[in-house]
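Source file: coords_38.pdb; contents: PDB, C-alpha atoms.
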ATOM      1  CA  MET A   1       0.000   0.000   0.000  1.00  0.00           C
ATOM      2  CA  PRO A   2       1.519   3.324  -1.057  1.00  0.00           C
ATOM      3  CA  LEU A   3       2.280   5.807   1.620  1.00  0.00           C
ATOM      4  CA  LYS A   4      -0.004   8.816   1.678  1.00  0.00           C
ATOM      5  CA  LYS A   5       1.646  12.177   1.449  1.00  0.00           C
ATOM      6  CA  PRO A   6       1.015  14.222   4.577  1.00  0.00           C
ATOM      7  CA  LEU A   7      -1.443  17.000   4.036  1.00  0.00           C
ATOM      8  CA  PRO A   8       0.141  20.471   4.077  1.00  0.00           C
ATOM      9  CA  ARG A   9      -0.538  22.387   7.240  1.00  0.00           C
ATOM     10  CA  ALA A  10      -3.063  25.148   6.856  1.00  0.00           C
ATOM     11  CA  LYS A  11      -1.131  28.288   6.086  1.00  0.00           C
ATOM     12  CA  ARG A  12      -1.411  30.835   8.836  1.00  0.00           C
ATOM     13  CA  LYS A  13      -2.547  34.255   7.695  1.00  0.00           C
ATOM     14  CA  THR A  14       0.067  36.926   7.816  1.00  0.00           C
ATOM     15  CA  LYS A  15      -0.537  40.099   9.798  1.00  0.00           C
ATOM     16  CA  ARG A  16      -1.041  41.972   6.550  1.00  0.00           C
ATOM     17  CA  GLU A  17      -3.744  39.507   5.432  1.00  0.00           C
ATOM     18  CA  ARG A  18      -5.505  39.745   8.788  1.00  0.00           C
ATOM     19  CA  ASP A  19      -5.365  43.546   8.641  1.00  0.00           C
ATOM     20  CA  LEU A  20      -6.753  43.571   5.111  1.00  0.00           C
ATOM     21  CA  ALA A  21      -9.601  41.263   6.133  1.00  0.00           C
ATOM     22  CA  LEU A  22     -10.438  43.583   9.039  1.00  0.00           C
ATOM     23  CA  LEU A  23     -10.304  46.591   6.727  1.00  0.00           C
ATOM     24  CA  ARG A  24     -12.618  44.866   4.238  1.00  0.00           C
ATOM     25  CA  GLU A  25     -15.127  44.123   7.011  1.00  0.00           C
ATOM     26  CA  ALA A  26     -14.991  47.720   8.245  1.00  0.00           C
ATOM     27  CA  CYS A  27     -15.542  49.030   4.700  1.00  0.00           C
ATOM     28  CA  GLU A  28     -18.526  46.737   4.173  1.00  0.00           C
ATOM     29  CA  ALA A  29     -20.048  47.843   7.493  1.00  0.00           C
ATOM     30  CA  ALA A  30     -19.484  51.516   6.640  1.00  0.00           C
ATOM     31  CA  GLU A  31     -21.064  51.073   3.204  1.00  0.00           C
ATOM     32  CA  LEU A  32     -24.098  49.354   4.718  1.00  0.00           C
ATOM     33  CA  GLU A  33     -24.453  52.153   7.269  1.00  0.00           C
ATOM     34  CA  MET A  34     -24.246  54.712   4.443  1.00  0.00           C
ATOM     35  CA  ILE A  35     -27.048  52.910   2.571  1.00  0.00           C
ATOM     36  CA  ARG A  36     -29.167  52.757   5.739  1.00  0.00           C
ATOM     37  CA  ALA A  37     -28.606  56.475   6.367  1.00  0.00           C
ATOM     38  CA  CYS A  38     -29.710  57.239   2.790  1.00  0.00           C
ATOM     39  CA  LEU A  39     -32.777  55.016   3.101  1.00  0.00           C
ATOM     40  CA  ARG A  40     -33.767  56.743   6.346  1.00  0.00           C
ATOM     41  CA  LEU A  41     -34.117  60.028   4.447  1.00  0.00           C
ATOM     42  CA  PRO A  42     -37.274  60.779   2.472  1.00  0.00           C
ATOM     43  CA  MET A  43     -36.729  60.534  -1.280  1.00  0.00           C
ATOM     44  CA  HIS A  44     -36.748  64.285  -1.873  1.00  0.00           C
ATOM     45  CA  LYS A  45     -33.829  64.659   0.577  1.00  0.00           C
ATOM     46  CA  ARG A  46     -31.583  62.153  -1.195  1.00  0.00           C
ATOM     47  CA  THR A  47     -30.427  64.745  -3.666  1.00  0.00           C
ATOM     48  CA  ASN A  48     -26.841  65.478  -2.664  1.00  0.00           C
ATOM     49  CA  PHE A  49     -25.416  63.290  -5.424  1.00  0.00           C
ATOM     50  CA  LEU A  50     -24.203  65.738  -8.063  1.00  0.00           C
ATOM     51  CA  ARG A  51     -20.477  65.948  -8.660  1.00  0.00           C
ATOM     52  CA  VAL A  52     -19.257  69.050 -10.429  1.00  0.00           C
ATOM     53  CA  ARG A  53     -16.193  69.345 -12.613  1.00  0.00           C
ATOM     54  CA  ILE A  54     -13.558  71.666 -11.224  1.00  0.00           C
ATOM     55  CA  PRO A  55     -12.296  73.903 -14.009  1.00  0.00           C
ATOM     56  CA  GLY A  56      -8.553  73.563 -14.482  1.00  0.00           C
ATOM     57  CA  ALA A  57      -8.226  70.599 -12.137  1.00  0.00           C
ATOM     58  CA  PRO A  58      -5.808  67.898 -13.302  1.00  0.00           C
ATOM     59  CA  ASN A  59      -7.349  64.684 -14.712  1.00  0.00           C
ATOM     60  CA  GLY A  60     -10.774  66.309 -14.926  1.00  0.00           C
ATOM     61  CA  GLY A  61     -11.138  66.567 -11.163  1.00  0.00           C
ATOM     62  CA  THR A  62     -14.604  66.630  -9.635  1.00  0.00           C
ATOM     63  CA  ALA A  63     -16.111  67.411  -6.264  1.00  0.00           C
ATOM     64  CA  LEU A  64     -19.459  66.971  -4.565  1.00  0.00           C
TER
ATOM     65  CA  MET B   1     -23.794  69.380  -4.742  1.00  0.00           C
ATOM     66  CA  ASP B   2     -27.508  69.399  -4.164  1.00  0.00           C
ATOM     67  CA  ALA B   3     -29.388  68.415  -7.327  1.00  0.00           C
ATOM     68  CA  THR B   4     -32.768  69.641  -6.080  1.00  0.00           C
ATOM     69  CA  PRO B   5     -32.883  72.886  -8.122  1.00  0.00           C
ATOM     70  CA  TYR B   6     -32.072  71.005 -11.331  1.00  0.00           C
ATOM     71  CA  LEU B   7     -34.527  68.200 -10.583  1.00  0.00           C
ATOM     72  CA  VAL B   8     -37.318  70.650  -9.808  1.00  0.00           C
ATOM     73  CA  GLN B   9     -36.574  72.665 -12.954  1.00  0.00           C
ATOM     74  CA  MET B  10     -36.483  69.487 -15.046  1.00  0.00           C
ATOM     75  CA  ALA B  11     -39.748  68.189 -13.616  1.00  0.00           C
ATOM     76  CA  LYS B  12     -41.473  71.508 -14.335  1.00  0.00           C
ATOM     77  CA  ALA B  13     -40.015  71.764 -17.843  1.00  0.00           C
ATOM     78  CA  LEU B  14     -40.997  68.186 -18.730  1.00  0.00           C
ATOM     79  CA  LYS B  15     -44.510  68.767 -17.453  1.00  0.00           C
ATOM     80  CA  ALA B  16     -44.873  72.045 -19.350  1.00  0.00           C
ATOM     81  CA  ALA B  17     -43.645  70.441 -22.583  1.00  0.00           C
ATOM     82  CA  LYS B  18     -45.738  67.300 -21.932  1.00  0.00           C
ATOM     83  CA  LEU B  19     -42.660  65.204 -22.584  1.00  0.00           C
ATOM     84  CA  GLU B  20     -42.591  61.804 -20.950  1.00  0.00           C
ATOM     85  CA  ALA B  21     -39.083  60.988 -19.756  1.00  0.00           C
ATOM     86  CA  ILE B  22     -37.854  58.701 -16.998  1.00  0.00           C
ATOM     87  CA  LEU B  23     -34.783  59.373 -14.880  1.00  0.00           C
ATOM     88  CA  ILE B  24     -32.257  56.539 -15.192  1.00  0.00           C
ATOM     89  CA  GLY B  25     -28.610  56.092 -14.240  1.00  0.00           C
ATOM     90  CA  ASN B  26     -26.845  56.960 -11.016  1.00  0.00           C
ATOM     91  CA  ALA B  27     -29.101  59.949 -10.334  1.00  0.00           C
ATOM     92  CA  GLY B  28     -32.123  57.627 -10.280  1.00  0.00           C
ATOM     93  CA  ALA B  29     -30.245  55.168  -8.096  1.00  0.00           C
ATOM     94  CA  ALA B  30     -29.166  57.875  -5.636  1.00  0.00           C
ATOM     95  CA  LEU B  31     -32.773  59.043  -5.238  1.00  0.00           C
ATOM     96  CA  GLN B  32     -33.605  55.488  -4.188  1.00  0.00           C
ATOM     97  CA  GLY B  33     -30.938  55.438  -1.495  1.00  0.00           C
ATOM     98  CA  ALA B  34     -27.882  54.105  -3.317  1.00  0.00           C
ATOM     99  CA  PRO B  35     -24.568  55.649  -2.191  1.00  0.00           C
ATOM    100  CA  VAL B  36     -23.508  56.807  -5.652  1.00  0.00           C
ATOM    101  CA  THR B  37     -22.746  60.150  -7.265  1.00  0.00           C
ATOM    102  CA  THR B  38     -22.924  61.438 -10.815  1.00  0.00           C
ATOM    103  CA  LEU B  39     -21.931  64.308 -13.080  1.00  0.00           C
ATOM    104  CA  ASP B  40     -25.172  64.511 -15.040  1.00  0.00           C
ATOM    105  CA  LEU B  41     -28.818  63.530 -15.208  1.00  0.00           C
ATOM    106  CA  ASP B  42     -29.867  60.841 -17.699  1.00  0.00           C
ATOM    107  CA  PHE B  43     -33.418  60.562 -18.935  1.00  0.00           C
ATOM    108  CA  TYR B  44     -34.898  57.836 -21.123  1.00  0.00           C
ATOM    109  CA  TYR B  45     -37.432  59.021 -23.694  1.00  0.00           C
ATOM    110  CA  ARG B  46     -39.124  57.828 -26.873  1.00  0.00           C
ATOM    111  CA  ASP B  47     -37.476  59.234 -29.972  1.00  0.00           C
ATOM    112  CA  THR B  48     -40.208  60.674 -32.204  1.00  0.00           C
ATOM    113  CA  ALA B  49     -40.398  63.846 -34.274  1.00  0.00           C
ATOM    114  CA  LEU B  50     -42.910  65.278 -31.806  1.00  0.00           C
ATOM    115  CA  ASN B  51     -40.716  64.454 -28.819  1.00  0.00           C
ATOM    116  CA  ARG B  52     -37.727  66.128 -30.481  1.00  0.00           C
ATOM    117  CA  ARG B  53     -39.784  69.312 -30.715  1.00  0.00           C
ATOM    118  CA  LYS B  54     -40.739  68.890 -27.068  1.00  0.00           C
ATOM    119  CA  LEU B  55     -37.060  68.513 -26.170  1.00  0.00           C
ATOM    120  CA  GLN B  56     -36.441  71.900 -27.727  1.00  0.00           C
ATOM    121  CA  LEU B  57     -39.235  73.351 -25.578  1.00  0.00           C
ATOM    122  CA  VAL B  58     -37.621  71.830 -22.485  1.00  0.00           C
ATOM    123  CA  ALA B  59     -34.262  73.333 -23.465  1.00  0.00           C
ATOM    124  CA  ASP B  60     -35.821  76.747 -24.055  1.00  0.00           C
ATOM    125  CA  SER B  61     -37.608  76.763 -20.721  1.00  0.00           C
ATOM    126  CA  MET B  62     -34.363  75.852 -18.924  1.00  0.00           C
ATOM    127  CA  HIS B  63     -32.306  78.417 -20.856  1.00  0.00           C
ATOM    128  CA  ALA B  64     -30.123  75.586 -22.114  1.00  0.00           C
ATOM    129  CA  GLN B  65     -28.787  74.694 -25.509  1.00  0.00           C
ATOM    130  CA  LEU B  66     -30.041  71.460 -27.062  1.00  0.00           C
ATOM    131  CA  THR B  67     -27.204  69.606 -28.759  1.00  0.00           C
ATOM    132  CA  GLN B  68     -26.744  66.209 -30.351  1.00  0.00           C
ATOM    133  CA  PRO B  69     -23.199  65.164 -29.379  1.00  0.00           C
ATOM    134  CA  PHE B  70     -23.013  62.149 -31.729  1.00  0.00           C
ATOM    135  CA  PRO B  71     -25.272  62.913 -34.713  1.00  0.00           C
ATOM    136  CA  GLY B  72     -25.816  59.942 -36.989  1.00  0.00           C
ATOM    137  CA  LEU B  73     -24.419  57.562 -34.384  1.00  0.00           C
ATOM    138  CA  SER B  74     -26.784  58.112 -31.517  1.00  0.00           C
ATOM    139  CA  THR B  75     -30.197  59.597 -30.844  1.00  0.00           C
ATOM    140  CA  MET B  76     -28.903  61.067 -27.602  1.00  0.00           C
ATOM    141  CA  PHE B  77     -29.669  64.717 -27.030  1.00  0.00           C
ATOM    142  CA  ARG B  78     -27.957  66.878 -24.464  1.00  0.00           C
ATOM    143  CA  LEU B  79     -28.961  70.007 -22.605  1.00  0.00           C
ATOM    144  CA  ASP B  80     -25.903  72.194 -22.169  1.00  0.00           C
ATOM    145  CA  PHE B  81     -25.978  74.987 -19.636  1.00  0.00           C
ATOM    146  CA  GLY B  82     -23.064  77.012 -20.955  1.00  0.00           C
ATOM    147  CA  ASP B  83     -20.599  77.842 -18.221  1.00  0.00           C
ATOM    148  CA  VAL B  84     -22.123  75.389 -15.723  1.00  0.00           C
ATOM    149  CA  TYR B  85     -20.185  72.107 -15.768  1.00  0.00           C
ATOM    150  CA  PHE B  86     -23.304  70.004 -15.750  1.00  0.00           C
ATOM    151  CA  HIS B  87     -25.582  68.586 -18.400  1.00  0.00           C
ATOM    152  CA  VAL B  88     -28.732  66.568 -18.895  1.00  0.00           C
ATOM    153  CA  ASP B  89     -28.792  63.708 -21.412  1.00  0.00           C
ATOM    154  CA  PHE B  90     -31.867  62.306 -23.114  1.00  0.00           C
ATOM    155  CA  LEU B  91     -31.404  58.754 -24.378  1.00  0.00           C
ATOM    156  CA  ALA B  92     -33.803  56.846 -26.622  1.00  0.00           C
ATOM    157  CA  VAL B  93     -31.586  53.764 -26.614  1.00  0.00           C
ATOM    158  CA  ALA B  94     -30.011  52.386 -23.459  1.00  0.00           C
ATOM    159  CA  ASP B  95     -28.554  48.972 -22.685  1.00  0.00           C
ATOM    160  CA  GLY B  96     -30.978  46.643 -20.939  1.00  0.00           C
ATOM    161  CA  ILE B  97     -34.034  48.847 -21.512  1.00  0.00           C
ATOM    162  CA  SER B  98     -36.417  47.426 -24.083  1.00  0.00           C
ATOM    163  CA  SER B  99     -39.066  50.138 -24.160  1.00  0.00           C
ATOM    164  CA  LEU B 100     -40.369  53.218 -22.408  1.00  0.00           C
ATOM    165  CA  ALA B 101     -43.577  51.347 -21.563  1.00  0.00           C
ATOM    166  CA  SER B 102     -41.775  48.550 -19.725  1.00  0.00           C
ATOM    167  CA  LEU B 103     -39.565  51.042 -17.881  1.00  0.00           C
ATOM    168  CA  ARG B 104     -42.618  53.118 -16.938  1.00  0.00           C
ATOM    169  CA  SER B 105     -44.497  50.069 -15.613  1.00  0.00           C
ATOM    170  CA  ARG B 106     -41.893  49.671 -12.837  1.00  0.00           C
ATOM    171  CA  ALA B 107     -40.913  53.340 -12.426  1.00  0.00           C
ATOM    172  CA  ILE B 108     -41.388  55.194  -9.156  1.00  0.00           C
ATOM    173  CA  PRO B 109     -42.929  58.679  -8.954  1.00  0.00           C
ATOM    174  CA  VAL B 110     -40.823  61.010  -6.800  1.00  0.00           C
ATOM    175  CA  ALA B 111     -42.225  64.293  -5.530  1.00  0.00           C
ATOM    176  CA  ILE B 112     -39.603  67.053  -5.451  1.00  0.00           C
ATOM    177  CA  GLY B 113     -40.318  70.692  -4.762  1.00  0.00           C
ATOM    178  CA  GLY B 114     -43.990  70.427  -5.619  1.00  0.00           C
ATOM    179  CA  SER B 115     -43.260  68.631  -8.892  1.00  0.00           C
ATOM    180  CA  GLN B 116     -43.077  64.997  -9.781  1.00  0.00           C
ATOM    181  CA  LEU B 117     -40.422  62.991 -11.601  1.00  0.00           C
ATOM    182  CA  LEU B 118     -40.611  59.408 -12.775  1.00  0.00           C
ATOM    183  CA  VAL B 119     -37.550  57.427 -11.685  1.00  0.00           C
ATOM    184  CA  ALA B 120     -36.619  54.023 -13.098  1.00  0.00           C
ATOM    185  CA  SER B 121     -36.651  51.184 -10.576  1.00  0.00           C
ATOM    186  CA  LEU B 122     -33.324  50.118  -9.099  1.00  0.00           C
ATOM    187  CA  LEU B 123     -33.696  46.698 -10.717  1.00  0.00           C
ATOM    188  CA  ASP B 124     -33.954  48.324 -14.155  1.00  0.00           C
ATOM    189  CA  ILE B 125     -30.962  50.558 -13.422  1.00  0.00           C
ATOM    190  CA  VAL B 126     -28.868  47.558 -12.337  1.00  0.00           C
ATOM    191  CA  LYS B 127     -29.926  45.612 -15.440  1.00  0.00           C
ATOM    192  CA  SER B 128     -28.977  48.514 -17.690  1.00  0.00           C
ATOM    193  CA  LYS B 129     -25.585  48.956 -16.036  1.00  0.00           C
ATOM    194  CA  ARG B 130     -24.823  45.237 -16.186  1.00  0.00           C
ATOM    195  CA  GLU B 131     -25.667  45.054 -19.881  1.00  0.00           C
ATOM    196  CA  SER B 132     -23.687  48.170 -20.740  1.00  0.00           C
ATOM    197  CA  GLY B 133     -20.576  46.384 -19.438  1.00  0.00           C
ATOM    198  CA  ARG B 134     -18.588  49.600 -19.011  1.00  0.00           C
ATOM    199  CA  PRO B 135     -16.129  49.415 -16.093  1.00  0.00           C
ATOM    200  CA  LYS B 136     -17.611  52.536 -14.452  1.00  0.00           C
ATOM    201  CA  ASP B 137     -21.086  50.974 -14.595  1.00  0.00           C
ATOM    202  CA  LEU B 138     -19.973  47.545 -13.377  1.00  0.00           C
ATOM    203  CA  ALA B 139     -18.157  49.212 -10.476  1.00  0.00           C
ATOM    204  CA  VAL B 140     -21.382  50.471  -8.861  1.00  0.00           C
ATOM    205  CA  ILE B 141     -23.508  47.337  -9.331  1.00  0.00           C
ATOM    206  CA  ASP B 142     -22.410  45.898  -5.986  1.00  0.00           C
ATOM    207  CA  ALA B 143     -23.524  49.044  -4.126  1.00  0.00           C
ATOM    208  CA  LEU B 144     -26.839  49.103  -6.007  1.00  0.00           C
ATOM    209  CA  GLU B 145     -27.544  45.453  -5.232  1.00  0.00           C
ATOM    210  CA  LYS B 146     -26.784  46.026  -1.549  1.00  0.00           C
ATOM    211  CA  THR B 147     -29.234  48.951  -1.613  1.00  0.00           C
ATOM    212  CA  ILE B 148     -31.933  46.744  -3.152  1.00  0.00           C
ATOM    213  CA  ALA B 149     -31.311  44.037  -0.517  1.00  0.00           C
ATOM    214  CA  GLU B 150     -31.364  46.555   2.357  1.00  0.00           C
ATOM    215  CA  SER B 151     -34.472  48.258   1.012  1.00  0.00           C
ATOM    216  CA  GLU B 152     -36.282  44.919   0.710  1.00  0.00           C
ATOM    217  CA  ALA B 153     -35.169  43.928   4.213  1.00  0.00           C
ATOM    218  CA  GLN B 154     -36.567  47.201   5.607  1.00  0.00           C
ATOM    219  CA  ASP B 155     -39.844  46.712   3.726  1.00  0.00           C
ATOM    220  CA  GLN B 156     -40.248  43.249   5.242  1.00  0.00           C
ATOM    221  CA  ALA B 157     -39.421  44.416   8.783  1.00  0.00           C
TER
END
What would the structure in this file look like if it were written as structure tokens?
Amino acid sequence: MPLKKPLPRAKRKTKRERDLALLREACEAAELEMIRACLRLPMHKRTNFLRVRIPGAPNGGTAL
Amino acid sequence: MDATPYLVQMAKALKAAKLEAILIGNAGAALQGAPVTTLDLDFYYRDTALNRRKLQLVADSMHAQLTQPFPGLSTMFRLDFGDVYFHVDFLAVADGISSLASLRSRAIPVAIGGSQLLVASLLDIVKSKRESGRPKDLAVIDALEKTIAESEAQDQA
């Protein structure tokens, strides 16, 4: 009977990977909170969405 | 920047010209709670000779210039406001939208400043963005879908 190769040990996440996972979670939570805040407003108050081009700004810069 | 003055003006101008147009794109999505921004307003309309005359009436009442940026290639018309870095586009053809009637059947009336605008449903906006396939459209689909899910969850609660 052939010998089975030992399974590789699960690779531990590096600190950078753990930090990135935490950051991703925080971003998702912030985005969800932003959506909830928008939905709490009546429709006629959800109007602060226009970005305007800034004349002379590099790369066609815009601002809210 | 607050879009209310433009939306109110547009709603009044469309009503005065009796032009049926439905707000699509990121502006429509933002009005339904999606965390997105935009540089312009996009309206879907039916391209007929009569409606083209009505578009001119809308432009006149808003003191804007009606232009056709891609004549021969597209039936898109644009309202230009001169020195203001903002415009309103009227599209008769948009990815994922089969007809004005189908869009209207799911559209939502939004009351703004004593006027009313028809806004395409978020599902239609997502469908249009997905079918357009442009990177800038695909980039916001995730946020729009989360808004739909959250909105449905709140409706059920």
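If you take only C-alpha atoms and a cut-off of 6 Å, the residues of chain A that reach chain B are Cys38, Leu39, Met43, His44, Arg46, Thr47, Asn48, Phe49, Leu50, Arg51, Arg53 and Leu64 of chain A.
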Can you pull out every residue within 7 Å of region 42-54 of chain B, counting only C-alpha atoms, but drop anything in the same chain fewer than 3 positions away, and send it as a list in words? Ala17, Leu19, Glu20, Ala21, Ile22, Leu23, Ile24, Gly25, Leu57, Val58, Val88, Asp89, Phe90, Leu91, Ala92 and Leu100 of chain B
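Distance-wise, CA of Gly82 (chain B) and CA of Gln65 (chain B) end up 7.7 Å apart.
Computed from the coordinates, the CA of Ala101 (chain B) to CA of Gln116 (chain B) distance equals 18.0 Å.
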Centre and edge lengths of an axis-aligned box around all listed atoms of region 26-44 of chain A, with 3 Å added on each side, are to be given in Å to one decimal, as AutoDock Vina command-line options.
--center_x -26.1 --center_y 55.5 --center_z 3.2 --size_x 28.3 --size_y 23.5 --size_z 16.1
Non-local contacts of region 125-128 of chain B (7 Å; only C-alpha atoms; under 4 positions in same chain excluded) as number ranges by chain: B: 24-25, 95-97, 120-121, 132, 141, 144
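In this structure, CA of Ala139 (chain B) sits 26.4 Å away from CA of Leu79 (chain B).
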